[in-house]
Amino acid sequence: MLAKGGARQGMSTSTITSARRRVTGLRRLSWNGRVAVPTIIFAVVFTAFGLIHPRGISVITMTPWADQQAALGFAAAGQFMVVVTRGLDLSVGSVLALSNAVGSVMLNGSPLEIAGGMAVVLAVGALCGLLNGVAVVYGRVVPIIATLSTGAIYSGLALWVRPTPGGDVAEILNDLFTNEVFGVIPTSLVLLFGVVYAIWSVLSRTILGRSLYAIGSSEAAAYMSGLRADQVRLVAYMLSGFFAACGGLFLNFQTLSGDASVGASYTLNSIAAVVIGGASLAGGVGTVWGSILGAFVLRTIGAIMIFTSLPALAQPLFEGTVLLLAVSFSAIELVRAPNKLKALP
Amino acid sequence: MAGRAFVEMAGIGKSYGGVTALKDVDFSIATHSIHAVLGENGAGKSTLIKILAGVVAPDAGTFAFDGSAVAFASPRDAARLGIACVFQELSLVPDLTVADNIFLAHGSPRFGFFSRRVQRQDAERILAELDSEDINPAAAIRNLPLAQAQIVEIAKALVQQPRLLILDEATSALSERHVTRLFEILRGLRDGGRSIVYISHRMHEIESIADACSVFRNGQHVGTFAQGAKSPGDVIEMMIGRSIAQIYPPKRPVGAGAPLLEVRDLHWEHKVTGVSFSVRAGEVYGLGGLEGQGQTETLQALFGVLRRVSGEVSVGGTPVRVRSPRRAKRSDLAIAFVPEDRKTEGLHLHLSVSDNIALSVLGKLTRHGLLDRRREKSLVADMVERLRIRVSTTRAEVSTLSGGNQQKVVLAKWLAIEPRVILLCDPTRGIDVGTKAEIYKLLRELAAEGVAIVFYTTDYDELIGLCDRVGIFYGGRISQELSGAEMTETSIVKASFGLQAGDAREGGR
Amino acid sequence: MIAMLRRLDPSVIVLTAMIVLLVLIGSSELPNFLTSKYLLQQLQIASFLGVVATGAFVVILLGHIDLSVPWTMTASAMVATTVAGLGAKLPGAEALSIPLGILAGMTVGAFNGLGVAVLRVPSMIWTLGVNIVLLGGCVLVTGGFAPKGESTELMRALAVGRDLGVPNATLVWLALAAAVACILSGTAIGRAIYAIGNGERAAFLAGVQTGLTLFAAFVFAGGCNAVAGLLLAGYANQAYQAMGDPYLLPAIAAVVVGGTSIQGGKGAVLNVILAVVFVTLLTSVLSVLQMNDAQRQVIYGAVILGTLLIYGRLAPGWAARRAVTPHSKGSR
């Protein structure tokens with residue numbers, strides 16, 4: 001691509017400058033497209049939700065809505081960390097379930113014990129993620145397969161910790177985390193955006209965060225630039241596990257119990273969310289915010305179904321259709337590419 | 001002027017899968033010096049700098065840096081010691097911005113954090129120093145033309161304030177103005193005591209900047225001398241080990257007759273803007289000009305790779321519309337295409353030699369729905385023999401072959417269809433001199449058998465030595481056609497820069 | 001001897017060793033493990049997975065993946081049993097149930113192929129979406145219950161009957177696998193599949209119809225999924241919701257444990273057959289050992305990961321030195 005760029009010696013400076021302006025203009029459009037498309041889809045879906053909901057959009061309706069988003073939002077944020085490095089984490093759901101199961105055992109007692117319990121849950125998630133990273137980086141197993149296998153292990157462990165749904169989670173957690181801040185903003189959203197922002201704002205300003213994109217975009221160039229691809233990958237998988245644990249923990253707050261089978265749908269939905277959110281499975285592109293929006297889109301569709309005359313059973317049909325439409329839309333560019341080789345891997 | 005030895009290599013050797021890239025090389029680089037390294041493609045220059053930059057580790061020999069022995073495990077180790085490299089194959093991350101790339105690994109972040117604003121200003125400053133204020137630090141590399149990407153690559157190396165700076169063909173796409181500016185910076189670094197290794201094919205650049213020159217040939221260091229101590233002719237002879245005349249087979253007069261391939265007013269996007277030429281049977285037609293003037297796209301268009309191509313193409317007098325490679329290779333057209341990127345477009349590296357060669361003629365090898373193994377075997381054996389592909393077995397993976405032999409496999413694949421027209425896109429890049437000569441000879445033989453050959457190369461020597469006629473591309477079309485005695489280096493260079501022969505005053509268009 | 005071993009694929013050696021080990025463990029715990037009755041029963045169970053894995057193998061060989069396995073199986077089985085259920089009113093409908101069921105699967109495969117080969121959407125995402133849509137469609141149409149209608153005689157006979165002492169289901173599986181083996185090693189399409197898996201650009205530039213080949217492979221995989229769904233319905237005498245769910249991941253695991261590269265271009269049918277037997281025996285031995293579900297999953301995941309670590313870490317050079325297609329074997 002680069003080798004066949006446009007301007008050459010023969011061109012005058014003004015030609016180059018105007019060419020650049022045109023190119024960056026296009027770039028800005030396509031970059032914005034990566035954020036704009038999920039934003040537009042979300043706006044449409046959310047407006048539909050507001051119109052269809054019998055009580056409209058208000059504090060009373062927003063909090064339950066937001067509570068539904070949080071767990072998948074976390075899972076999608078975690079999945080994004082891995083996808084941007086050109087990896088994939090198929091154990092997200094299992095890690096989420098395992099941490100949910102662990103949480104159902106640990107989250108009670110004195111405030112100190114509860115805080116300790118949360119730390120343990122998050123550590124379990126991060127550890128699971130780290131193991132995934134080790135299998136991928138040092139075991140040289142392809143990400144899909146490595147995380148598929150570890151996923152089986154983690155859901156086995158979840159079942160071992162919590163053979164049947166239940167558990168005893170301190171009720172205070174539900175009061176604390178599933179209501180509103182200042183009576184207006186749903187706590188779940190504050191939690192979701194707070195945690196992701198805290199981590200992402202640090203990441204995006206360090207070599208580490210830059211490296212996430214760099215190794216996904218071109219591993220060879222990243223290596224030539226002296227980046228530590230191995231360590232970066234480890235961190236990406238670890239973050240994925242950590243965020244999945246956040247999701248599992250939030251489900252603990254919501255249900256005050258644990259369930260080893262709760263994770264099943266999160267793996268594939270988190271991938272769908274990341275893609276709807278504008279990231280490329282080929283790595284290097286997308287934003288964590290887009291991925292979270294993607295999760296919101298999927299969940300809001302589910303919420304809409306509840307309030308329409310459409311049978312609730314049709315929900316997956318709509319979710320699937322939205323996913324297929326979203327990806328087809330972004331594929332149009334490739335299908336019509338003037339150079340047929342562009343579309344080929 | 002040159003100071004003490006800064007880098008010292010002794011007995012360095014490196015081979016890839018049985019192919020020797022460097023053999024017993026002793027080489028040293030002084031401080032206060034700009035050291036040019038010369039050699040043909042495949043002479044071992046790029047392996048040398050990859051070793052210096054920690055990209056590959058040598059198999060043999062020792063390597064001392066600033067007086068102490070070192071062994072680099074990765075480019076990171078080399079960068080820590082103050083070695084920075086401007087790579088020919090750009091080491092930029094396509095999806096990140098210019099500023100991000102410049103400071104990718106060396107952002108000197110405060111307490112581990114970048115400030116986007118500071119970084120942007122720093123990027124602007126360094127770009128301004130390179131006379132390139134027009135590059136937007138916020139633009140993604142993916143969208144920059146090659147020349148600007150090259151500047152960014154240079155900026156990225158300069159911000160590291162290296163003690164040893166290596167530039168590998170760093171100026172191939174730069175304008176005169178930028179090259180001059182770069183040279184000023186390099187001289188400043190040299191006077192400040194730094195070491196610089198400069199690799200270029202442009203002799204006049206080396207004459208103007210180098211203090212010392214080293215010549216490599218076939219993986220060996222054949223000599224080092226002070227710049228100006230040898231004549232350009234002597235240097236070239238050192239590089240190729242024989243005179244140019246021996247490399248190219250004699251041309252034969254092309255019989256008059258109707259053109260076999262005729263192209264009229266070919267257009268595609270903004271890259272190809274009205275290309276017209278014709279090639280007779282037995283003729284080798286060269287496509288010249290600076291890189292990226294639409295030559296590759298023209299060949300791709302003729303082979304059916306591009307959509308929405310307009311213009312007229314006829315083969316053997318019949319107008320045709322080639323919509324896919326599959327159509328192009330059908331026996332009524334029999335067009336073959338040797339693509340630019342051997343590794344991803346020309347070959348399946350992890351398939352065997354035999355599988356690669358047979359791939360283009362699977363249909364012909366099929367009898368009653370099944371592949372005829374015997375015919376396949378004999379076809380492959382014929383091709384291996386005809387092209388003298390050096391392999392122990394045709395079952396060997398292509399990835400284990402040397403670059404020259406790999407390219408021969410690509411050619412074999414296409415000769416199998418018994419082509420009438422062969423399109424070649426820079427087929428000798430990164431190939432040793434011996435194999436080059438074999439390929440030239442083969443193309444001449446094919447031409448003698450009545451094949452029309454279209455040959456794109458950026459190497460002036462090849463255009464002059466191999467081709468019967470040359471079309472020079474400028475801005476997406478053939479600006480000038482040269483043949484016979486008109487084909488000189490001067491006329492080709494002039495035409496490449498958009499100047500008409502004999503009219504040097506009128507620059508640009 | 002060692003030279004001979006070296007010429008064998010490492011995955012064949014590892015899998016054979018593991019299968020022997022599993023049989024030893026199984027027979028030491030369960031006296032009648034090593035009887036033809038028990039082993040044939042295992043082979044019958046393996047067949048459902050085997051048929052799915054055969055389709056998944058071809059798709060993975062091309063460097064793609066089909067995540068629509070579960071609901072393609074379910075939907076095809078539902079179509080077949082529903083058509084069979086119409087037999088009471090429409091004479092002759094029963095005979096059509098199998099062809100229509102398979103046609104349903106191939107139609108899904110064609111839709112997958114459309115997204116992947118024409119729209120060029122990454123197969124992982126496209127087939128994931130298709131799976132969700134199928135799930136939604138099936139649940140919506142049936143109201144979430146098992147559809148009315150039972151399997152036909154023929155479906156039952158194919159699933160549980162035996163001929164020549166071998167389960168019919170196994171014969172179906174081996175026939176499909178043999179067909180794939182022949183196509184891969186003996187035809188132009190087979191070569192094209194390996195070439196595309198190794199690099200679609202180069203294959204396209206060599207004049208291979210890459211889009212058509214991809215499309216055909218997805219149709220074939222859809223057909224395999226349908227056959228597996230029909231067999232399973234024959235086994236259970238009905239179609240039911242989510243009947244295909246337990247087959248997706250084991251099928252992918254079997255293909256990969258069989259030494260097939262998930263990036264495409266490298267793999268052989270025989271190894272996948274061995275891997276299917278291995279995965280089935282592993283499940284069976286774990287239940288013989290009376291492991292609970294939790295332990296089973298942990299060990300299952302760990303064994304598969306361990307096998308891949310052996311391939312990925314311990315024998316990389318071993319595998320890499322060899323050319324990758326089955327017809328490249330031996331014959332120097």
# chains A, B, ... in the order shown; residues from 1 in each chain; ligands from 1
>>> closest_atom_pairs(of="chain B", to="chain C", cutoff="10 Å", atoms="only C-alpha atoms", output="tab-separated table")
residue	atom	partner	partner_atom	distance
B:Gln300	CA	C:Leu205	CA	9.8
B:Phe303	CA	C:Leu205	CA	8.6
B:Gly304	CA	C:Leu205	CA	9.2
B:Val305	CA	C:Leu205	CA	7.9
B:Ser324	CA	C:Gly207	CA	7.5
B:Pro325	CA	C:Gly207	CA	4.8
B:Arg326	CA	C:Gly207	CA	3.9
B:Arg327	CA	C:Gly207	CA	7.6
B:Ala328	CA	C:Gly207	CA	8.0
B:Lys329	CA	C:Gly207	CA	6.9
B:Arg330	CA	C:Gly207	CA	9.0
B:Ala336	CA	C:Ala206	CA	8.9
B:Phe337	CA	C:Leu205	CA	7.9
B:Val338	CA	C:Leu205	CA	9.1
B:Pro339	CA	C:Leu205	CA	8.3
B:Asp341	CA	C:Ala202	CA	9.5
B:Arg342	CA	C:Ala202	CA	8.8
B:Lys343	CA	C:Ala202	CA	8.5
B:Thr344	CA	C:Ala202	CA	6.0
B:Glu345	CA	C:Ala202	CA	4.1
B:Gly346	CA	C:Ala202	CA	5.3
B:Leu347	CA	C:Ala202	CA	5.8
B:His348	CA	C:Asn198	CA	5.9
B:Leu349	CA	C:Asn198	CA	7.7
B:His350	CA	C:Ala323	CA	6.6
B:Leu351	CA	C:Ala323	CA	5.9
B:Ser352	CA	C:Ala323	CA	5.7
B:Val353	CA	C:Ala323	CA	9.3
B:Ser354	CA	C:Ser328	CA	8.8
B:Asp355	CA	C:Arg191	CA	7.7
B:Asn356	CA	C:Ala195	CA	8.3
B:Ile357	CA	C:Ala206	CA	9.8
B:Ala358	CA	C:Arg191	CA	9.1
B:Leu359	CA	C:Ala206	CA	6.7
B:Ser360	CA	C:Ala206	CA	5.2
B:Val361	CA	C:Ala206	CA	8.8
B:Leu362	CA	C:Ala188	CA	5.4
B:Gly363	CA	C:Ala188	CA	6.7
B:Lys364	CA	C:Ala188	CA	9.6
B:Leu365	CA	C:Ala188	CA	8.3
B:Thr366	CA	C:Ala188	CA	6.9
B:Arg367	CA	C:Thr187	CA	9.3
B:His368	CA	C:Thr187	CA	9.7
B:Gly369	CA	C:Thr187	CA	6.5
B:Leu370	CA	C:Thr187	CA	4.8
B:Leu371	CA	C:Thr187	CA	5.1
B:Asp372	CA	C:Gly186	CA	8.3
B:Arg373	CA	C:Gly186	CA	8.4
B:Ser392	CA	C:Arg332	CA	9.1
B:Thr393	CA	C:Arg332	CA	6.4
B:Thr394	CA	C:Arg332	CA	8.0
B:Arg395	CA	C:Ser328	CA	6.0
B:Ala396	CA	C:Ala323	CA	6.2
B:Glu397	CA	C:Ala323	CA	5.2
B:Val398	CA	C:Ala323	CA	8.7
B:Ser399	CA	C:Ala323	CA	9.8
B:Thr400	CA	C:Arg321	CA	8.7
B:Val410	CA	C:Ala206	CA	9.8
B:Lys413	CA	C:Ala206	CA	8.4
B:Trp414	CA	C:Ala206	CA	8.4
>>> interface_residues(of="chain C", to="chain A", cutoff="9 Å", atoms="only C-alpha atoms", output="MDAnalysis selection string")
chainID C and resid 115 118:122 125:126 128:137 139:140 143:144 199:201 204:205 249 252:253 256 261:263 292:305 308:313
>>> write_last_selection(atoms="C-alpha atoms", output="mmCIF file, in the first residue's frame")
data_model
loop_
_atom_site.group_PDB
_atom_site.id
_atom_site.type_symbol
_atom_site.label_atom_id
_atom_site.label_comp_id
_atom_site.auth_asym_id
_atom_site.auth_seq_id
_atom_site.Cartn_x
_atom_site.Cartn_y
_atom_site.Cartn_z
ATOM 1 C CA GLY C 115 -21.344 -13.185 3.405
ATOM 2 C CA VAL C 118 -19.005 -12.109 -1.727
ATOM 3 C CA LEU C 119 -19.379 -9.502 0.999
ATOM 4 C CA ARG C 120 -15.983 -10.441 2.438
ATOM 5 C CA VAL C 121 -17.140 -10.135 6.034
ATOM 6 C CA PRO C 122 -14.804 -12.057 8.390
ATOM 7 C CA ILE C 125 -18.511 -12.585 12.607
ATOM 8 C CA TRP C 126 -20.773 -13.458 9.724
ATOM 9 C CA LEU C 128 -21.843 -15.912 14.378
ATOM 10 C CA GLY C 129 -24.588 -13.541 13.212
ATOM 11 C CA VAL C 130 -26.170 -16.244 11.076
ATOM 12 C CA ASN C 131 -26.198 -18.573 14.069
ATOM 13 C CA ILE C 132 -27.986 -15.981 16.181
ATOM 14 C CA VAL C 133 -30.518 -15.308 13.434
ATOM 15 C CA LEU C 134 -31.197 -19.029 13.015
ATOM 16 C CA LEU C 135 -31.586 -19.401 16.748
ATOM 17 C CA GLY C 136 -34.075 -16.534 16.767
ATOM 18 C CA GLY C 137 -35.927 -17.931 13.783
ATOM 19 C CA VAL C 139 -37.298 -20.291 18.602
ATOM 20 C CA LEU C 140 -39.803 -17.875 17.124
ATOM 21 C CA GLY C 143 -42.482 -20.966 20.207
ATOM 22 C CA GLY C 144 -39.514 -22.376 22.073
ATOM 23 C CA GLY C 199 -2.735 -17.340 0.529
ATOM 24 C CA GLU C 200 -5.840 -16.246 -1.289
ATOM 25 C CA ARG C 201 -4.128 -13.457 -3.196
ATOM 26 C CA PHE C 204 -6.532 -15.585 -7.185
ATOM 27 C CA LEU C 205 -3.620 -14.329 -9.268
ATOM 28 C CA LEU C 249 -16.586 -26.273 20.180
ATOM 29 C CA ILE C 252 -13.382 -27.041 16.201
ATOM 30 C CA ALA C 253 -11.243 -28.596 18.920
ATOM 31 C CA VAL C 256 -7.344 -28.278 15.457
ATOM 32 C CA SER C 261 -3.840 -24.998 11.091
ATOM 33 C CA ILE C 262 -6.568 -22.608 12.173
ATOM 34 C CA GLN C 263 -5.054 -20.100 9.743
ATOM 35 C CA ASN C 292 -18.628 -34.477 37.863
ATOM 36 C CA ASP C 293 -19.365 -31.885 35.216
ATOM 37 C CA ALA C 294 -16.928 -29.380 36.671
ATOM 38 C CA GLN C 295 -13.994 -31.753 36.754
ATOM 39 C CA ARG C 296 -14.842 -32.997 33.288
ATOM 40 C CA GLN C 297 -14.728 -29.542 31.756
ATOM 41 C CA VAL C 298 -11.468 -28.626 33.462
ATOM 42 C CA ILE C 299 -9.742 -31.813 32.347
ATOM 43 C CA TYR C 300 -11.257 -31.602 28.867
ATOM 44 C CA GLY C 301 -9.962 -28.066 28.390
ATOM 45 C CA ALA C 302 -6.598 -28.850 29.916
ATOM 46 C CA VAL C 303 -6.049 -31.916 27.736
ATOM 47 C CA ILE C 304 -6.866 -30.063 24.540
ATOM 48 C CA LEU C 305 -4.685 -27.124 25.501
ATOM 49 C CA LEU C 308 -1.827 -27.979 21.316
ATOM 50 C CA LEU C 309 1.061 -26.883 23.495
ATOM 51 C CA ILE C 310 2.877 -30.017 22.411
ATOM 52 C CA TYR C 311 2.277 -29.122 18.751
ATOM 53 C CA GLY C 312 2.988 -25.445 19.170
ATOM 54 C CA ARG C 313 5.938 -25.503 21.455
#
>>> interface_residues(of="chain B", to="chain A", cutoff="8 Å", atoms="only C-alpha atoms", output="mmCIF file with C-alpha atoms, in the first residue's frame")
data_model
loop_
_atom_site.group_PDB
_atom_site.id
_atom_site.type_symbol
_atom_site.label_atom_id
_atom_site.label_comp_id
_atom_site.auth_asym_id
_atom_site.auth_seq_id
_atom_site.Cartn_x
_atom_site.Cartn_y
_atom_site.Cartn_z
ATOM 1 C CA VAL B 55 16.590 -7.664 13.949
ATOM 2 C CA SER B 74 15.857 -7.792 19.602
ATOM 3 C CA PRO B 75 15.768 -4.325 17.987
ATOM 4 C CA ARG B 76 14.956 -3.057 21.461
ATOM 5 C CA ASP B 77 18.444 -4.010 22.721
ATOM 6 C CA ALA B 79 17.940 0.867 20.305
ATOM 7 C CA LEU B 90 9.328 1.176 6.433
ATOM 8 C CA SER B 91 8.978 0.282 10.095
ATOM 9 C CA LEU B 92 5.938 2.505 10.542
ATOM 10 C CA VAL B 93 2.661 1.335 11.982
ATOM 11 C CA PRO B 94 0.023 2.102 9.338
ATOM 12 C CA ASP B 95 -2.938 2.781 11.641
ATOM 13 C CA LEU B 96 -1.156 5.157 14.020
ATOM 14 C CA ASP B 100 2.518 8.515 17.421
ATOM 15 C CA LEU B 104 6.470 5.130 19.147
ATOM 16 C CA ALA B 105 9.151 3.594 21.308
ATOM 17 C CA GLY B 107 8.509 9.121 23.563
ATOM 18 C CA PRO B 109 7.301 10.313 28.437
ATOM 19 C CA GLY B 112 5.699 7.262 31.917
ATOM 20 C CA PHE B 113 2.968 9.409 30.367
ATOM 21 C CA PHE B 114 2.697 11.099 27.031
ATOM 22 C CA SER B 115 1.308 14.477 26.609
ATOM 23 C CA ARG B 116 -0.403 14.507 23.255
ATOM 24 C CA ASP B 134 3.399 20.092 5.169
ATOM 25 C CA ILE B 135 3.147 16.711 6.904
ATOM 26 C CA ALA B 139 -2.479 12.112 9.810
ATOM 27 C CA ALA B 140 -2.400 8.327 9.776
ATOM 28 C CA ARG B 142 -1.706 4.615 5.959
ATOM 29 C CA ASN B 143 -2.792 7.730 4.091
ATOM 30 C CA LEU B 144 0.614 9.278 3.418
ATOM 31 C CA PRO B 145 2.345 9.030 0.081
ATOM 32 C CA LEU B 146 5.597 7.079 0.169
ATOM 33 C CA ALA B 147 7.800 10.172 0.086
ATOM 34 C CA ALA B 149 6.223 8.247 4.987
ATOM 35 C CA ALA B 173 11.334 8.557 -2.914
ATOM 36 C CA LEU B 174 12.586 11.939 -1.645
ATOM 37 C CA SER B 175 12.870 15.076 -3.688
ATOM 38 C CA GLU B 176 16.184 16.833 -4.258
ATOM 39 C CA GLU B 269 -9.060 5.552 -11.102
ATOM 40 C CA GLU B 291 8.196 4.138 -8.815
ATOM 41 C CA GLY B 292 4.444 4.528 -8.476
ATOM 42 C CA VAL B 305 -7.172 -7.591 -11.286
ATOM 43 C CA LEU B 306 -8.728 -4.132 -11.342
ATOM 44 C CA ARG B 307 -12.367 -3.118 -11.529
ATOM 45 C CA ARG B 308 -13.749 -0.326 -13.698
ATOM 46 C CA PHE B 497 11.203 13.314 -14.191
ATOM 47 C CA GLY B 498 8.793 14.506 -16.809
ATOM 48 C CA GLY B 508 7.157 19.555 -14.219
#
>>> residues_around(residues="Arg125 in chain B", least_positions_apart="3", cutoff="12 Å", atoms="only C-alpha atoms", output="list in words")
Ala99, Ile102, Val118, Gln119, Arg120, Gln121, Asp122, Ala128, Glu129, Leu130, Asp131, Ser132, Glu133, Asp134, Ile135, Asn136, Pro137, Ala155, Leu158 and Val159 of chain B
>>> write_last_selection(atoms="C-alpha atoms", output="mmCIF file, in the first residue's frame")
data_model
loop_
_atom_site.group_PDB
_atom_site.id
_atom_site.type_symbol
_atom_site.label_atom_id
_atom_site.label_comp_id
_atom_site.auth_asym_id
_atom_site.auth_seq_id
_atom_site.Cartn_x
_atom_site.Cartn_y
_atom_site.Cartn_z
ATOM 1 C CA ALA B 99 3.266 11.848 15.788
ATOM 2 C CA ILE B 102 7.716 9.258 15.539
ATOM 3 C CA VAL B 118 3.791 18.194 23.710
ATOM 4 C CA GLN B 119 4.250 15.222 21.446
ATOM 5 C CA ARG B 120 2.494 16.952 18.613
ATOM 6 C CA GLN B 121 4.649 20.037 19.008
ATOM 7 C CA ASP B 122 7.811 17.934 19.122
ATOM 8 C CA ALA B 128 10.090 21.299 10.225
ATOM 9 C CA GLU B 129 13.749 20.547 10.684
ATOM 10 C CA LEU B 130 13.407 18.117 7.778
ATOM 11 C CA ASP B 131 11.795 20.850 5.694
ATOM 12 C CA SER B 132 8.463 19.030 5.808
ATOM 13 C CA GLU B 133 6.032 21.313 7.599
ATOM 14 C CA ASP B 134 3.399 20.092 5.169
ATOM 15 C CA ILE B 135 3.147 16.711 6.904
ATOM 16 C CA ASN B 136 0.275 16.739 9.356
ATOM 17 C CA PRO B 137 1.371 15.103 12.638
ATOM 18 C CA ALA B 155 12.243 11.731 11.778
ATOM 19 C CA LEU B 158 16.454 11.215 14.425
ATOM 20 C CA VAL B 159 14.416 11.825 17.598
#
>>> select_by_dssp(residues="range 11-196 of chain C", states="strand (DSSP E)", output="PyMOL selection string")
chain C and resi 162-163+166-167
>>> write_last_selection(atoms="N, CA and C atoms", output="PDB file, in the first residue's frame")
ATOM      1  N   ARG C 162     -27.434 -50.709  12.308  1.00  0.00           N
ATOM      2  CA  ARG C 162     -26.091 -51.182  11.961  1.00  0.00           C
ATOM      3  C   ARG C 162     -26.113 -52.008  10.699  1.00  0.00           C
ATOM      4  N   ASP C 163     -25.071 -51.908   9.944  1.00  0.00           N
ATOM      5  CA  ASP C 163     -24.894 -52.766   8.784  1.00  0.00           C
ATOM      6  C   ASP C 163     -23.499 -53.338   8.860  1.00  0.00           C
ATOM      7  N   VAL C 166     -21.305 -52.527  11.699  1.00  0.00           N
ATOM      8  CA  VAL C 166     -20.825 -51.160  11.947  1.00  0.00           C
ATOM      9  C   VAL C 166     -22.027 -50.225  12.010  1.00  0.00           C
ATOM     10  N   PRO C 167     -22.023 -49.296  12.959  1.00  0.00           N
ATOM     11  CA  PRO C 167     -23.150 -48.355  13.019  1.00  0.00           C
ATOM     12  C   PRO C 167     -23.286 -47.604  11.691  1.00  0.00           C
TER      13      PRO C 167
END
>>> residues_around(residues="range 425-442 of chain B", least_positions_apart="3", cutoff="6 Å", atoms="only C-alpha atoms", output="PyMOL selection string")
chain B and resi 41-42+247+249+338-340+403-404+445+456-457
>>> write_last_selection(atoms="N, CA and C atoms", output="PDB file, in the first residue's frame")
ATOM      1  N   ASN B  41      21.589  -5.870  -5.072  1.00  0.00           N
ATOM      2  CA  ASN B  41      20.571  -6.518  -4.263  1.00  0.00           C
ATOM      3  C   ASN B  41      21.028  -7.935  -3.976  1.00  0.00           C
ATOM      4  N   GLY B  42      20.864  -8.383  -2.742  1.00  0.00           N
ATOM      5  CA  GLY B  42      21.266  -9.737  -2.406  1.00  0.00           C
ATOM      6  C   GLY B  42      22.740  -9.863  -2.085  1.00  0.00           C
ATOM      7  N   ILE B 247      26.087  -9.698 -18.468  1.00  0.00           N
ATOM      8  CA  ILE B 247      24.851 -10.085 -17.800  1.00  0.00           C
ATOM      9  C   ILE B 247      23.687 -10.217 -18.778  1.00  0.00           C
ATOM     10  N   PRO B 249      21.821 -10.881 -22.278  1.00  0.00           N
ATOM     11  CA  PRO B 249      21.980 -11.624 -23.530  1.00  0.00           C
ATOM     12  C   PRO B 249      21.843 -10.666 -24.714  1.00  0.00           C
ATOM     13  N   VAL B 338       3.748 -12.009 -13.604  1.00  0.00           N
ATOM     14  CA  VAL B 338       4.649 -12.227 -12.480  1.00  0.00           C
ATOM     15  C   VAL B 338       4.521 -11.007 -11.571  1.00  0.00           C
ATOM     16  N   PRO B 339       3.841 -11.160 -10.433  1.00  0.00           N
ATOM     17  CA  PRO B 339       3.482  -9.984  -9.637  1.00  0.00           C
ATOM     18  C   PRO B 339       4.651  -9.413  -8.847  1.00  0.00           C
ATOM     19  N   GLU B 340       4.390  -8.231  -8.311  1.00  0.00           N
ATOM     20  CA  GLU B 340       5.427  -7.490  -7.619  1.00  0.00           C
ATOM     21  C   GLU B 340       5.877  -8.181  -6.332  1.00  0.00           C
ATOM     22  N   GLY B 403      15.736 -16.557  -2.724  1.00  0.00           N
ATOM     23  CA  GLY B 403      14.880 -15.633  -3.457  1.00  0.00           C
ATOM     24  C   GLY B 403      14.897 -15.878  -4.958  1.00  0.00           C
ATOM     25  N   GLY B 404      16.080 -16.112  -5.493  1.00  0.00           N
ATOM     26  CA  GLY B 404      16.207 -16.333  -6.934  1.00  0.00           C
ATOM     27  C   GLY B 404      15.453 -17.574  -7.376  1.00  0.00           C
ATOM     28  N   GLU B 445      15.006 -15.904 -24.620  1.00  0.00           N
ATOM     29  CA  GLU B 445      14.647 -17.138 -25.329  1.00  0.00           C
ATOM     30  C   GLU B 445      13.154 -17.176 -25.625  1.00  0.00           C
ATOM     31  N   TYR B 456       8.321  -4.462 -16.291  1.00  0.00           N
ATOM     32  CA  TYR B 456       8.436  -3.230 -15.508  1.00  0.00           C
ATOM     33  C   TYR B 456       9.593  -3.366 -14.538  1.00  0.00           C
ATOM     34  N   THR B 457      10.465  -2.368 -14.523  1.00  0.00           N
ATOM     35  CA  THR B 457      11.554  -2.366 -13.564  1.00  0.00           C
ATOM     36  C   THR B 457      11.928  -0.928 -13.232  1.00  0.00           C
TER      37      THR B 457
END
>>> residues_around(residues="Ala36 in chain B", least_positions_apart="5", cutoff="6 Å", atoms="only C-alpha atoms", output="ChimeraX atom specification")
/B:197-199,210,213
>>> closest_residue(among="C:Ala104, C:Leu214, C:Val79, C:Cys224", to="Ala239 in chain C", atoms="only C-alpha atoms")
C:Val79
>>> residues_around(residues="Gly294 in chain B", least_positions_apart="4", cutoff="8 Å", atoms="only C-alpha atoms", output="ChimeraX atom specification")
/B:271-272,298,473-477
